[in-house]
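Take a look at the structure below.
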Amino acid sequence: MKNEFENLKSACFSGHRIVPFAKQNEMMRLLRNEITKSYHEGYRCFYCGMAIGFDLLAAKATLSLKTELPQIKTIAVLPCREQNEKWNEKNKVEYETILKKVDDVVVVSDHYHQRCFLQRNDYMVQRSSRLITLYDGKFKGGTFYTYRKAKSLGLEIINIYNLTR
């Protein structure tokens, strides 16, 4: 599962699935700021897990900076091919639109299995030196798993949760 962007300085995203509608513009602004700062610190590759909520916002924020930051690369990392199978139509359209614009798509597993989401998170963390997250500090879920994994591997962690309060 090697991709052509692995040698670039990379960051990944992980955050909660529910981002209240009233907070989405603020979240987009915070993401764009952190992505821009990271870019100016040499980061070029941004791995997005493409889940509903924070992940899709992060992908959209990264893609929205393409004209300002021409060397930026957005990599969609899918846990399985049918990730969006049970989503509503609006979310499916948004997902497909983003997938058409990213620089690369990595599919971790051809089919869903119990650990494919965690394997997707591992894939991103293992190829990054920075995690940009929306993590509320609770000890459960995929974001907690990814935060803990990133911390154990020594990644720099930028938690924008505290900036949203």
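Starting from 1 in every chain, residues are counted up; chains themselves are A, B, ... following the order of the structure tokens, and ligands are numbered from 1 as listed.
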Residues of segment 2-139 of chain A in alpha helix (DSSP H) according to DSSP, as a JSON list (two decimals) with C-alpha atoms, in the first residue's frame?
```json
[["chain", "number", "residue", "atom", "x", "y", "z"],
["A", 24, "GLN", "CA", -18.95, 24.05, 10.92],
["A", 25, "ASN", "CA", -17.86, 27.47, 9.60],
["A", 26, "GLU", "CA", -15.68, 28.02, 12.66],
["A", 27, "MET", "CA", -14.26, 24.50, 12.30],
["A", 28, "MET", "CA", -13.46, 25.16, 8.63],
["A", 29, "ARG", "CA", -11.66, 28.39, 9.59],
["A", 30, "LEU", "CA", -9.64, 26.62, 12.31],
["A", 31, "LEU", "CA", -8.75, 23.77, 9.96],
["A", 32, "ARG", "CA", -7.66, 26.12, 7.19],
["A", 33, "ASN", "CA", -5.47, 28.01, 9.70],
["A", 34, "GLU", "CA", -3.80, 24.81, 10.99],
["A", 35, "ILE", "CA", -3.32, 23.40, 7.49],
["A", 36, "THR", "CA", -1.80, 26.69, 6.30],
["A", 37, "LYS", "CA", 0.53, 26.82, 9.32],
["A", 38, "SER", "CA", 1.55, 23.22, 8.71],
["A", 39, "TYR", "CA", 2.19, 23.94, 5.04],
["A", 40, "HIS", "CA", 4.46, 26.86, 5.93],
["A", 54, "PHE", "CA", -14.59, 16.22, 11.01],
["A", 55, "ASP", "CA", -12.82, 14.07, 8.39],
["A", 56, "LEU", "CA", -14.88, 15.40, 5.48],
["A", 57, "LEU", "CA", -14.49, 18.96, 6.76],
["A", 58, "ALA", "CA", -10.72, 18.44, 6.93],
["A", 59, "ALA", "CA", -10.66, 17.10, 3.36],
["A", 60, "LYS", "CA", -12.71, 20.07, 2.11],
["A", 61, "ALA", "CA", -10.49, 22.53, 4.01],
["A", 62, "THR", "CA", -7.34, 20.99, 2.52],
["A", 63, "LEU", "CA", -8.76, 21.00, -0.99],
["A", 64, "SER", "CA", -9.96, 24.61, -0.60],
["A", 89, "GLU", "CA", -27.71, 10.80, -0.30],
["A", 90, "LYS", "CA", -26.38, 14.26, 0.69],
["A", 91, "ASN", "CA", -23.34, 12.77, 2.45],
["A", 92, "LYS", "CA", -22.72, 10.33, -0.42],
["A", 93, "VAL", "CA", -22.68, 13.18, -2.96],
["A", 94, "GLU", "CA", -20.28, 15.21, -0.80],
["A", 95, "TYR", "CA", -18.00, 12.17, -0.37],
["A", 96, "GLU", "CA", -17.93, 11.37, -4.09],
["A", 97, "THR", "CA", -17.29, 15.03, -4.96],
["A", 98, "ILE", "CA", -14.29, 15.12, -2.61],
["A", 99, "LEU", "CA", -12.93, 11.80, -3.92],
["A", 100, "LYS", "CA", -12.87, 13.23, -7.45],
["A", 101, "LYS", "CA", -10.68, 16.15, -6.30],
["A", 116, "CYS", "CA", -10.78, -1.82, 8.97],
["A", 117, "PHE", "CA", -11.46, 1.64, 10.48],
["A", 118, "LEU", "CA", -8.65, 1.20, 13.02],
["A", 119, "GLN", "CA", -6.35, -0.07, 10.26],
["A", 120, "ARG", "CA", -7.19, 3.07, 8.25],
["A", 121, "ASN", "CA", -6.23, 5.20, 11.26],
["A", 122, "ASP", "CA", -3.01, 3.24, 11.73],
["A", 123, "TYR", "CA", -2.14, 3.72, 8.04],
["A", 124, "MET", "CA", -2.46, 7.50, 8.36],
["A", 125, "VAL", "CA", -0.63, 7.81, 11.68],
["A", 126, "GLN", "CA", 2.26, 5.60, 10.55]]
```
- Task: With a distance cut-off of 9 Å and only C-alpha atoms, select the neighbouring residues of Asn162 of chain A, excluding the residue or stretch itself and same-chain residues fewer than 3 positions from it, and output the selection as a count of residues only.
- Result: 5
- Message: Residues of chain A classed as strand (DSSP E) by DSSP on the backbone are to be reported as a count of residues only.
- Response: 29
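Excluding Glu82 of chain A itself and same-chain residues fewer than 4 positions from it, the residues having an atom within 12 Å of it are Met50, Ala51, Leu78, Lys86, Trp87, Lys92, Tyr95, Glu96, Val107, Val108, Ser109, Asp110, His111, Tyr112, His113, Cys116 and Phe117 of chain A, counting only C-alpha atoms.
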Grab the residues selected above and save them as a compact mmCIF listing (two decimals), in the first residue's frame with all heavy atoms.
```
# COMPACT_ATOMS: atom_id res chain seq x y z
N MET A 50 -11.89 10.39 5.64
CA MET A 50 -13.12 10.47 4.84
C MET A 50 -14.38 10.01 5.55
O MET A 50 -15.37 9.67 4.91
CB MET A 50 -12.95 9.72 3.52
CG MET A 50 -11.83 10.25 2.63
SD MET A 50 -12.12 11.95 2.09
CE MET A 50 -13.48 11.70 0.96
N ALA A 51 -14.41 10.04 6.88
CA ALA A 51 -15.64 9.74 7.62
C ALA A 51 -16.51 11.00 7.67
O ALA A 51 -16.01 12.12 7.51
CB ALA A 51 -15.31 9.27 9.04
N LEU A 78 -9.37 5.35 2.68
CA LEU A 78 -10.66 4.70 2.92
C LEU A 78 -10.45 3.39 3.68
O LEU A 78 -9.60 2.60 3.30
CB LEU A 78 -11.36 4.41 1.60
CG LEU A 78 -11.42 5.53 0.56
CD1 LEU A 78 -12.22 5.09 -0.65
CD2 LEU A 78 -11.99 6.80 1.16
N LYS A 86 -23.98 3.08 3.53
CA LYS A 86 -25.21 3.30 4.32
C LYS A 86 -25.46 4.77 4.64
O LYS A 86 -26.33 5.08 5.45
CB LYS A 86 -25.14 2.48 5.61
CG LYS A 86 -25.12 0.98 5.34
CD LYS A 86 -25.06 0.17 6.60
CE LYS A 86 -25.02 -1.31 6.24
NZ LYS A 86 -24.90 -2.16 7.40
N TRP A 87 -24.73 5.65 4.00
CA TRP A 87 -24.90 7.09 4.25
C TRP A 87 -26.13 7.61 3.52
O TRP A 87 -26.57 7.04 2.52
CB TRP A 87 -23.67 7.86 3.79
CG TRP A 87 -22.41 7.54 4.53
CD1 TRP A 87 -22.21 6.59 5.49
CD2 TRP A 87 -21.15 8.16 4.32
NE1 TRP A 87 -20.90 6.60 5.91
CE2 TRP A 87 -20.23 7.55 5.20
CE3 TRP A 87 -20.70 9.17 3.48
CZ2 TRP A 87 -18.89 7.94 5.27
CZ3 TRP A 87 -19.38 9.55 3.55
CH2 TRP A 87 -18.48 8.94 4.44
N LYS A 92 -23.34 11.10 0.67
CA LYS A 92 -22.72 10.33 -0.42
C LYS A 92 -22.24 11.26 -1.54
O LYS A 92 -21.14 11.09 -2.06
CB LYS A 92 -23.71 9.32 -1.00
CG LYS A 92 -23.92 8.09 -0.15
CD LYS A 92 -24.87 7.14 -0.84
CE LYS A 92 -25.08 5.89 -0.01
NZ LYS A 92 -25.99 4.95 -0.67
N TYR A 95 -19.11 13.13 -0.39
CA TYR A 95 -18.00 12.17 -0.37
C TYR A 95 -17.46 11.93 -1.77
O TYR A 95 -16.25 12.02 -2.01
CB TYR A 95 -18.54 10.89 0.26
CG TYR A 95 -17.62 9.71 0.34
CD1 TYR A 95 -16.75 9.56 1.41
CD2 TYR A 95 -17.66 8.69 -0.61
CE1 TYR A 95 -15.93 8.43 1.52
CE2 TYR A 95 -16.86 7.56 -0.51
CZ TYR A 95 -16.00 7.44 0.56
OH TYR A 95 -15.20 6.33 0.67
N GLU A 96 -18.35 11.64 -2.71
CA GLU A 96 -17.93 11.37 -4.09
C GLU A 96 -17.31 12.61 -4.73
O GLU A 96 -16.33 12.50 -5.48
CB GLU A 96 -19.12 10.88 -4.92
CG GLU A 96 -19.65 9.52 -4.51
CD GLU A 96 -18.65 8.39 -4.65
OE1 GLU A 96 -17.76 8.48 -5.53
OE2 GLU A 96 -18.74 7.42 -3.89
N VAL A 107 -7.16 2.61 -0.47
CA VAL A 107 -8.20 1.76 0.11
C VAL A 107 -7.50 0.70 0.95
O VAL A 107 -6.73 -0.11 0.44
CB VAL A 107 -9.07 1.10 -0.98
CG1 VAL A 107 -10.15 0.22 -0.35
CG2 VAL A 107 -9.69 2.16 -1.89
N VAL A 108 -7.74 0.73 2.25
CA VAL A 108 -7.04 -0.16 3.17
C VAL A 108 -7.54 -1.60 3.06
O VAL A 108 -6.76 -2.54 3.13
CB VAL A 108 -7.16 0.37 4.62
CG1 VAL A 108 -6.55 -0.60 5.62
CG2 VAL A 108 -6.48 1.73 4.73
N SER A 109 -8.84 -1.78 2.85
CA SER A 109 -9.41 -3.12 2.73
C SER A 109 -10.46 -3.12 1.62
O SER A 109 -11.25 -2.19 1.52
CB SER A 109 -10.06 -3.54 4.06
OG SER A 109 -10.69 -4.78 3.93
N ASP A 110 -10.47 -4.17 0.82
CA ASP A 110 -11.48 -4.26 -0.24
C ASP A 110 -12.89 -4.35 0.32
O ASP A 110 -13.84 -3.84 -0.28
CB ASP A 110 -11.21 -5.46 -1.15
CG ASP A 110 -10.08 -5.18 -2.13
OD1 ASP A 110 -9.88 -4.00 -2.49
OD2 ASP A 110 -9.40 -6.14 -2.52
N HIS A 111 -13.03 -4.99 1.49
CA HIS A 111 -14.36 -5.17 2.08
C HIS A 111 -14.32 -4.81 3.57
O HIS A 111 -13.28 -4.93 4.21
CB HIS A 111 -14.83 -6.62 1.91
CG HIS A 111 -14.91 -7.03 0.48
ND1 HIS A 111 -15.89 -6.58 -0.36
CD2 HIS A 111 -14.09 -7.81 -0.26
CE1 HIS A 111 -15.69 -7.07 -1.55
NE2 HIS A 111 -14.60 -7.82 -1.53
N TYR A 112 -15.48 -4.43 4.08
CA TYR A 112 -15.60 -4.11 5.50
C TYR A 112 -15.24 -5.32 6.36
O TYR A 112 -15.62 -6.46 6.05
CB TYR A 112 -17.03 -3.66 5.83
CG TYR A 112 -17.22 -3.50 7.32
CD1 TYR A 112 -16.81 -2.35 7.97
CD2 TYR A 112 -17.76 -4.54 8.08
CE1 TYR A 112 -16.95 -2.22 9.33
CE2 TYR A 112 -17.90 -4.42 9.45
CZ TYR A 112 -17.48 -3.26 10.08
OH TYR A 112 -17.60 -3.14 11.43
N HIS A 113 -14.52 -5.06 7.43
CA HIS A 113 -14.32 -6.04 8.49
C HIS A 113 -14.17 -5.25 9.79
O HIS A 113 -14.01 -4.03 9.78
CB HIS A 113 -13.13 -6.99 8.23
CG HIS A 113 -11.81 -6.30 8.11
ND1 HIS A 113 -11.03 -5.97 9.19
CD2 HIS A 113 -11.15 -5.85 7.01
CE1 HIS A 113 -9.92 -5.37 8.77
NE2 HIS A 113 -9.97 -5.28 7.45
N CYS A 116 -11.23 -2.60 10.12
CA CYS A 116 -10.78 -1.82 8.97
C CYS A 116 -10.67 -0.32 9.28
O CYS A 116 -9.78 0.36 8.76
CB CYS A 116 -11.62 -2.08 7.73
SG CYS A 116 -13.32 -1.53 7.76
N PHE A 117 -11.54 0.21 10.14
CA PHE A 117 -11.46 1.64 10.48
C PHE A 117 -10.20 1.92 11.31
O PHE A 117 -9.53 2.94 11.11
CB PHE A 117 -12.71 2.10 11.22
CG PHE A 117 -13.91 2.18 10.32
CD1 PHE A 117 -14.74 1.09 10.14
CD2 PHE A 117 -14.19 3.34 9.62
CE1 PHE A 117 -15.83 1.14 9.30
CE2 PHE A 117 -15.28 3.42 8.76
CZ PHE A 117 -16.11 2.31 8.60
```
- Message: So that I can see what lies close to segment 102-104 of chain A, please list as a PyMOL selection string the residues with an atom at most 6 Å from it, counting only C-alpha atoms and leaving out residues fewer than 4 positions away in the same chain.
- Response: chain A and resi 73-75
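Nearest residue to Phe21 of chain A among A:Gly53, A:Lys151, A:Thr146, A:Cys45 is A:Gly53, counting only C-alpha atoms.
Distance-wise, atom CA of Thr143 of chain A and atom CA of Gly42 of chain A end up 24.9 Å apart.
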